[in-house]
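Below is one structure, written out as structure tokens; comments come after it.
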Amino acid sequence: MNVLYEDNHLIIVNKAPGEIVQGDKTGDKPLSDIIKTYLKEKYHKPGNVFCGVTHRLDRPTSGVVVFAKTSKALSRLNEMFRNGEVDKTYWAIVKNHPTHETGSLTHYLIKTEKTNKSTAYDTEKPKTKKATLHYKHIASSDKYNLLEINLETGRHHQIRCQLAKIGCPIKGDLKYGAERSNPDGSISLHARTISFIHPVSKEKISVVAPVPEDNLWKAFLVR
């Protein structure tokens with residue numbers, strides 16, 4: 001487990017592709033449980049250890065995730081996420097170059113529970129939810145492009161679905177149109193940075209998550 005920041009109220013980690021943030025039907029051990037074990041051993045805590053989930057990342061996605069070590073921090077962080085007071089940037093390696101170097105995308109998304117997949121429409125339809133993101137093209141390689149993304153809304157599979165809709169599927173994301181999977185089952189979507197005002201100390205917290213150990217990610221970093 002890669003801890004990026006820790007104090008009395010928060011612990012921020014760099015999630016590896018394939019890890020789950022909290023328990024699901026797979027029964028695999030989630031990050032929240034791994035952190036509880038880490039805290040119990042590090043601080044020799046008897047009994048139960050608190051670790052609150054404040055937000056999630058899809059299983060095949062990597063990057064920064066914030067957990068709360070106290071109930072006070074959890075309730076305040078939950079409110080901050082709801083109110084859009086947490087700034088996150090994502091990096092995505094995509095197949096095609098978007099039409100513009102920078103741009104904003106607005107679609108209307110609907111989630112299909114059976115397939116655990118979202119569909120994007122250009123116009124509003126029954127039961128759809130409005131989804132908006134902003135992107136910036138950062139770099140290109142022979143086959144791929146690196147985009148930086150800021151979310152205005154937080155919808156199911158939003159980045160994956162919206163980028164696929166404009167013909168730029170994320171590398172390795174078979175569910176949304178990639179031609180082949182990544183060897184480790186990941187998709188090339190990484191929660192790169194997070195910044196917010198600390199819920200207790202009121203200091204500005206800014207954390208950058210190193211990219212996965214992958215040659216393509218590293219090739220983009222040295223450009």
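We name chains A, B, ... following the order of the structure tokens; residues begin at 1 in each chain, and ligands are numbered from 1 as shown.
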Name all residues at most 9 Å from segment 129-139 of chain A (count only C-alpha atoms; drop same-chain ones fewer than 5 positions away) and give them as a PyMOL selection string. chain A and resi 97-98+100-110+120+124+144-155+158-159+162+220+223
Could you write out the selected residues, including N, CA and C atoms, as an mmCIF file, in the first residue's frame?
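That gives us result.cif:
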data_model
loop_
_atom_site.group_PDB
_atom_site.id
_atom_site.type_symbol
_atom_site.label_atom_id
_atom_site.label_comp_id
_atom_site.auth_asym_id
_atom_site.auth_seq_id
_atom_site.Cartn_x
_atom_site.Cartn_y
_atom_site.Cartn_z
ATOM 1 N N HIS A 97 -6.664 11.236 -31.004
ATOM 2 C CA HIS A 97 -6.504 12.637 -30.613
ATOM 3 C C HIS A 97 -7.880 13.307 -30.677
ATOM 4 N N PRO A 98 -8.311 13.967 -29.597
ATOM 5 C CA PRO A 98 -9.595 14.670 -29.672
ATOM 6 C C PRO A 98 -9.554 15.783 -30.713
ATOM 7 N N HIS A 100 -10.226 18.882 -30.546
ATOM 8 C CA HIS A 100 -9.635 20.137 -30.063
ATOM 9 C C HIS A 100 -8.601 19.838 -28.975
ATOM 10 N N GLU A 101 -7.628 20.731 -28.804
ATOM 11 C CA GLU A 101 -6.595 20.566 -27.776
ATOM 12 C C GLU A 101 -7.187 20.671 -26.369
ATOM 13 N N THR A 102 -8.154 21.557 -26.220
ATOM 14 C CA THR A 102 -8.874 21.676 -24.946
ATOM 15 C C THR A 102 -10.367 21.733 -25.262
ATOM 16 N N GLY A 103 -11.166 21.325 -24.311
ATOM 17 C CA GLY A 103 -12.596 21.382 -24.570
ATOM 18 C C GLY A 103 -13.415 20.937 -23.373
ATOM 19 N N SER A 104 -14.712 21.132 -23.473
ATOM 20 C CA SER A 104 -15.659 20.677 -22.461
ATOM 21 C C SER A 104 -16.652 19.729 -23.121
ATOM 22 N N LEU A 105 -17.000 18.677 -22.422
ATOM 23 C CA LEU A 105 -17.965 17.708 -22.936
ATOM 24 C C LEU A 105 -19.183 17.672 -22.019
ATOM 25 N N THR A 106 -20.352 17.769 -22.601
ATOM 26 C CA THR A 106 -21.597 17.588 -21.847
ATOM 27 C C THR A 106 -22.434 16.534 -22.556
ATOM 28 N N HIS A 107 -22.771 15.492 -21.816
ATOM 29 C CA HIS A 107 -23.641 14.434 -22.330
ATOM 30 C C HIS A 107 -24.687 14.110 -21.269
ATOM 31 N N TYR A 108 -25.605 13.236 -21.641
ATOM 32 C CA TYR A 108 -26.628 12.761 -20.719
ATOM 33 C C TYR A 108 -26.458 11.250 -20.586
ATOM 34 N N LEU A 109 -26.131 10.820 -19.366
ATOM 35 C CA LEU A 109 -25.739 9.433 -19.135
ATOM 36 C C LEU A 109 -26.856 8.644 -18.463
ATOM 37 N N ILE A 110 -26.957 7.389 -18.858
ATOM 38 C CA ILE A 110 -27.863 6.470 -18.173
ATOM 39 C C ILE A 110 -27.113 5.178 -17.880
ATOM 40 N N ALA A 120 -23.924 7.245 -23.157
ATOM 41 C CA ALA A 120 -23.970 8.707 -23.269
ATOM 42 C C ALA A 120 -24.830 9.127 -24.451
ATOM 43 N N GLU A 124 -30.981 15.173 -23.716
ATOM 44 C CA GLU A 124 -31.598 14.603 -22.511
ATOM 45 C C GLU A 124 -32.684 13.603 -22.882
ATOM 46 N N TYR A 144 -0.888 6.781 -29.031
ATOM 47 C CA TYR A 144 -1.796 7.202 -27.968
ATOM 48 C C TYR A 144 -1.631 8.677 -27.630
ATOM 49 N N ASN A 145 -2.609 9.175 -26.890
ATOM 50 C CA ASN A 145 -2.620 10.570 -26.442
ATOM 51 C C ASN A 145 -2.902 10.629 -24.950
ATOM 52 N N LEU A 146 -2.265 11.568 -24.283
ATOM 53 C CA LEU A 146 -2.476 11.768 -22.854
ATOM 54 C C LEU A 146 -3.352 12.993 -22.647
ATOM 55 N N LEU A 147 -4.469 12.807 -21.944
ATOM 56 C CA LEU A 147 -5.386 13.897 -21.639
ATOM 57 C C LEU A 147 -5.427 14.134 -20.135
ATOM 58 N N GLU A 148 -5.604 15.400 -19.750
ATOM 59 C CA GLU A 148 -5.886 15.743 -18.354
ATOM 60 C C GLU A 148 -7.352 16.120 -18.258
ATOM 61 N N ILE A 149 -8.036 15.595 -17.252
ATOM 62 C CA ILE A 149 -9.486 15.756 -17.159
ATOM 63 C C ILE A 149 -9.883 16.292 -15.793
ATOM 64 N N ASN A 150 -10.795 17.247 -15.809
ATOM 65 C CA ASN A 150 -11.442 17.738 -14.582
ATOM 66 C C ASN A 150 -12.932 17.483 -14.688
ATOM 67 N N LEU A 151 -13.479 16.890 -13.652
ATOM 68 C CA LEU A 151 -14.909 16.577 -13.640
ATOM 69 C C LEU A 151 -15.712 17.712 -13.018
ATOM 70 N N GLU A 152 -16.815 18.030 -13.647
ATOM 71 C CA GLU A 152 -17.756 18.980 -13.056
ATOM 72 C C GLU A 152 -18.866 18.219 -12.334
ATOM 73 N N THR A 153 -19.155 17.013 -12.827
ATOM 74 C CA THR A 153 -20.142 16.135 -12.187
ATOM 75 C C THR A 153 -19.470 14.797 -11.914
ATOM 76 N N GLY A 154 -20.088 13.988 -11.080
ATOM 77 C CA GLY A 154 -19.511 12.682 -10.763
ATOM 78 C C GLY A 154 -20.480 11.562 -11.073
ATOM 79 N N ARG A 155 -20.537 11.168 -12.332
ATOM 80 C CA ARG A 155 -21.470 10.119 -12.760
ATOM 81 C C ARG A 155 -20.762 8.767 -12.898
ATOM 82 N N GLN A 158 -18.155 8.050 -15.761
ATOM 83 C CA GLN A 158 -18.331 9.258 -16.576
ATOM 84 C C GLN A 158 -17.191 9.508 -17.563
ATOM 85 N N ILE A 159 -15.948 9.502 -17.071
ATOM 86 C CA ILE A 159 -14.815 9.795 -17.959
ATOM 87 C C ILE A 159 -14.716 8.739 -19.047
ATOM 88 N N GLN A 162 -17.784 9.193 -21.560
ATOM 89 C CA GLN A 162 -17.770 10.417 -22.365
ATOM 90 C C GLN A 162 -16.616 10.436 -23.370
ATOM 91 N N PHE A 220 5.284 9.000 -21.296
ATOM 92 C CA PHE A 220 4.600 10.306 -21.332
ATOM 93 C C PHE A 220 5.217 11.271 -20.317
ATOM 94 N N ARG A 223 8.352 13.309 -21.470
ATOM 95 C CA ARG A 223 8.230 14.191 -22.631
ATOM 96 C C ARG A 223 8.332 15.664 -22.218
#
For segment 38-53 of chain A, work out the shell of residues within 10 Å, counting only C-alpha atoms and skipping chain neighbours fewer than 6 positions away, then give it as a list in words.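 That gives Met1, His9, Leu10, Ile11, Val21, Gln22, Leu31, Ser32, Val65, Val66, Phe67, Ala68, Lys69, Thr70, Ser71, Ala73, Leu74, Ser75, Leu77 and Asn78 of chain A.
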Provide the atom CA of Arg192 of chain A to atom CA of Ser62 of chain A distance in Å, to one decimal place. 8.6 Å
Can you tell me how far atom CA of Asp173 of chain A sits from atom CA of Lys125 of chain A, in Å to one decimal?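 Atom CA of Lys125 of chain A lies 25.5 Å from atom CA of Asp173 of chain A.
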Apply DSSP to the backbone of this structure and, from chain A, keep only the residues in strand (DSSP E or B); write these as a PyMOL selection string. chain A and resi 2-6+10-15+52-53+62-68+87-94+102-112+117-121+129-140+145-151+170+189-197+204-208
Just the alpha helix (DSSP H) stuff from chain A, please, per backbone DSSP, written as a PyMOL selection string. chain A and resi 31-42+71-82+158-165+215-221
May I have the selected residues written with C-alpha atoms, as a PDB file, in the first residue's frame?
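And here's again_8.pdb as it stands now:
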ATOM      1  CA  LEU A  31      -8.476  -0.942   0.587  1.00  0.00           C
ATOM      2  CA  SER A  32     -10.549   0.215   3.549  1.00  0.00           C
ATOM      3  CA  ASP A  33      -9.794  -3.093   5.332  1.00  0.00           C
ATOM      4  CA  ILE A  34      -6.122  -3.031   4.333  1.00  0.00           C
ATOM      5  CA  ILE A  35      -5.861   0.474   5.830  1.00  0.00           C
ATOM      6  CA  LYS A  36      -7.549  -0.659   9.060  1.00  0.00           C
ATOM      7  CA  THR A  37      -4.938  -3.407   9.424  1.00  0.00           C
ATOM      8  CA  TYR A  38      -2.139  -0.931   8.668  1.00  0.00           C
ATOM      9  CA  LEU A  39      -3.436   1.553  11.294  1.00  0.00           C
ATOM     10  CA  LYS A  40      -3.976  -1.168  13.890  1.00  0.00           C
ATOM     11  CA  GLU A  41      -0.413  -2.424  13.498  1.00  0.00           C
ATOM     12  CA  LYS A  42       1.293   0.960  13.128  1.00  0.00           C
ATOM     13  CA  SER A  71     -15.966  10.211  12.075  1.00  0.00           C
ATOM     14  CA  LYS A  72     -15.666  14.007  12.265  1.00  0.00           C
ATOM     15  CA  ALA A  73     -13.400  14.054   9.194  1.00  0.00           C
ATOM     16  CA  LEU A  74     -15.667  11.600   7.363  1.00  0.00           C
ATOM     17  CA  SER A  75     -18.846  13.646   7.777  1.00  0.00           C
ATOM     18  CA  ARG A  76     -17.099  16.875   6.781  1.00  0.00           C
ATOM     19  CA  LEU A  77     -15.368  15.303   3.774  1.00  0.00           C
ATOM     20  CA  ASN A  78     -18.613  13.705   2.592  1.00  0.00           C
ATOM     21  CA  GLU A  79     -20.204  17.150   2.654  1.00  0.00           C
ATOM     22  CA  MET A  80     -17.231  18.688   0.821  1.00  0.00           C
ATOM     23  CA  PHE A  81     -17.438  16.087  -1.954  1.00  0.00           C
ATOM     24  CA  ARG A  82     -21.204  16.665  -2.243  1.00  0.00           C
ATOM     25  CA  GLN A 158     -18.331   9.258 -16.576  1.00  0.00           C
ATOM     26  CA  ILE A 159     -14.815   9.795 -17.959  1.00  0.00           C
ATOM     27  CA  ARG A 160     -14.735   6.377 -19.607  1.00  0.00           C
ATOM     28  CA  CYS A 161     -18.152   6.814 -21.195  1.00  0.00           C
ATOM     29  CA  GLN A 162     -17.770  10.417 -22.365  1.00  0.00           C
ATOM     30  CA  LEU A 163     -14.323   9.939 -23.905  1.00  0.00           C
ATOM     31  CA  ALA A 164     -15.553   6.840 -25.735  1.00  0.00           C
ATOM     32  CA  LYS A 165     -18.511   8.862 -27.024  1.00  0.00           C
ATOM     33  CA  ASN A 215       6.403   1.928 -19.716  1.00  0.00           C
ATOM     34  CA  LEU A 216       3.779   3.950 -21.584  1.00  0.00           C
ATOM     35  CA  TRP A 217       2.910   6.055 -18.531  1.00  0.00           C
ATOM     36  CA  LYS A 218       6.608   6.676 -17.929  1.00  0.00           C
ATOM     37  CA  ALA A 219       7.212   7.542 -21.584  1.00  0.00           C
ATOM     38  CA  PHE A 220       4.600  10.306 -21.332  1.00  0.00           C
ATOM     39  CA  LEU A 221       6.172  11.615 -18.115  1.00  0.00           C
TER      40      LEU A 221
END
Give me the residues within 7 Å of Leu4 of chain A as a PDB file with N, CA and C atoms, in the first residue's frame, counting only C-alpha atoms and dropping any in the same chain fewer than 4 places off.
ATOM      1  N   ILE A  12      -4.306   9.333   2.854  1.00  0.00           N
ATOM      2  CA  ILE A  12      -4.488   9.398   1.403  1.00  0.00           C
ATOM      3  C   ILE A  12      -3.533   8.399   0.769  1.00  0.00           C
ATOM      4  N   VAL A  13      -4.059   7.520  -0.071  1.00  0.00           N
ATOM      5  CA  VAL A  13      -3.242   6.463  -0.665  1.00  0.00           C
ATOM      6  C   VAL A  13      -3.313   6.516  -2.193  1.00  0.00           C
ATOM      7  N   ASN A  14      -2.325   5.873  -2.824  1.00  0.00           N
ATOM      8  CA  ASN A  14      -2.294   5.726  -4.270  1.00  0.00           C
ATOM      9  C   ASN A  14      -2.811   4.320  -4.594  1.00  0.00           C
TER      10      ASN A  14
END
For Ala16 of chain A, list every protein, DNA or RNA residue within 12 Å, evaluated using only C-alpha atoms, and leave out those in the same chain fewer than 6 positions away; present the list as a VMD selection string. chain A and resid 1 to 3 30 to 31 57 to 65 184 to 191 209 to 214
In Å, how far is it from atom CA of His156 of chain A to atom CA of Lys111 of chain A?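 Between these atoms lies a distance of 7.0 Å.
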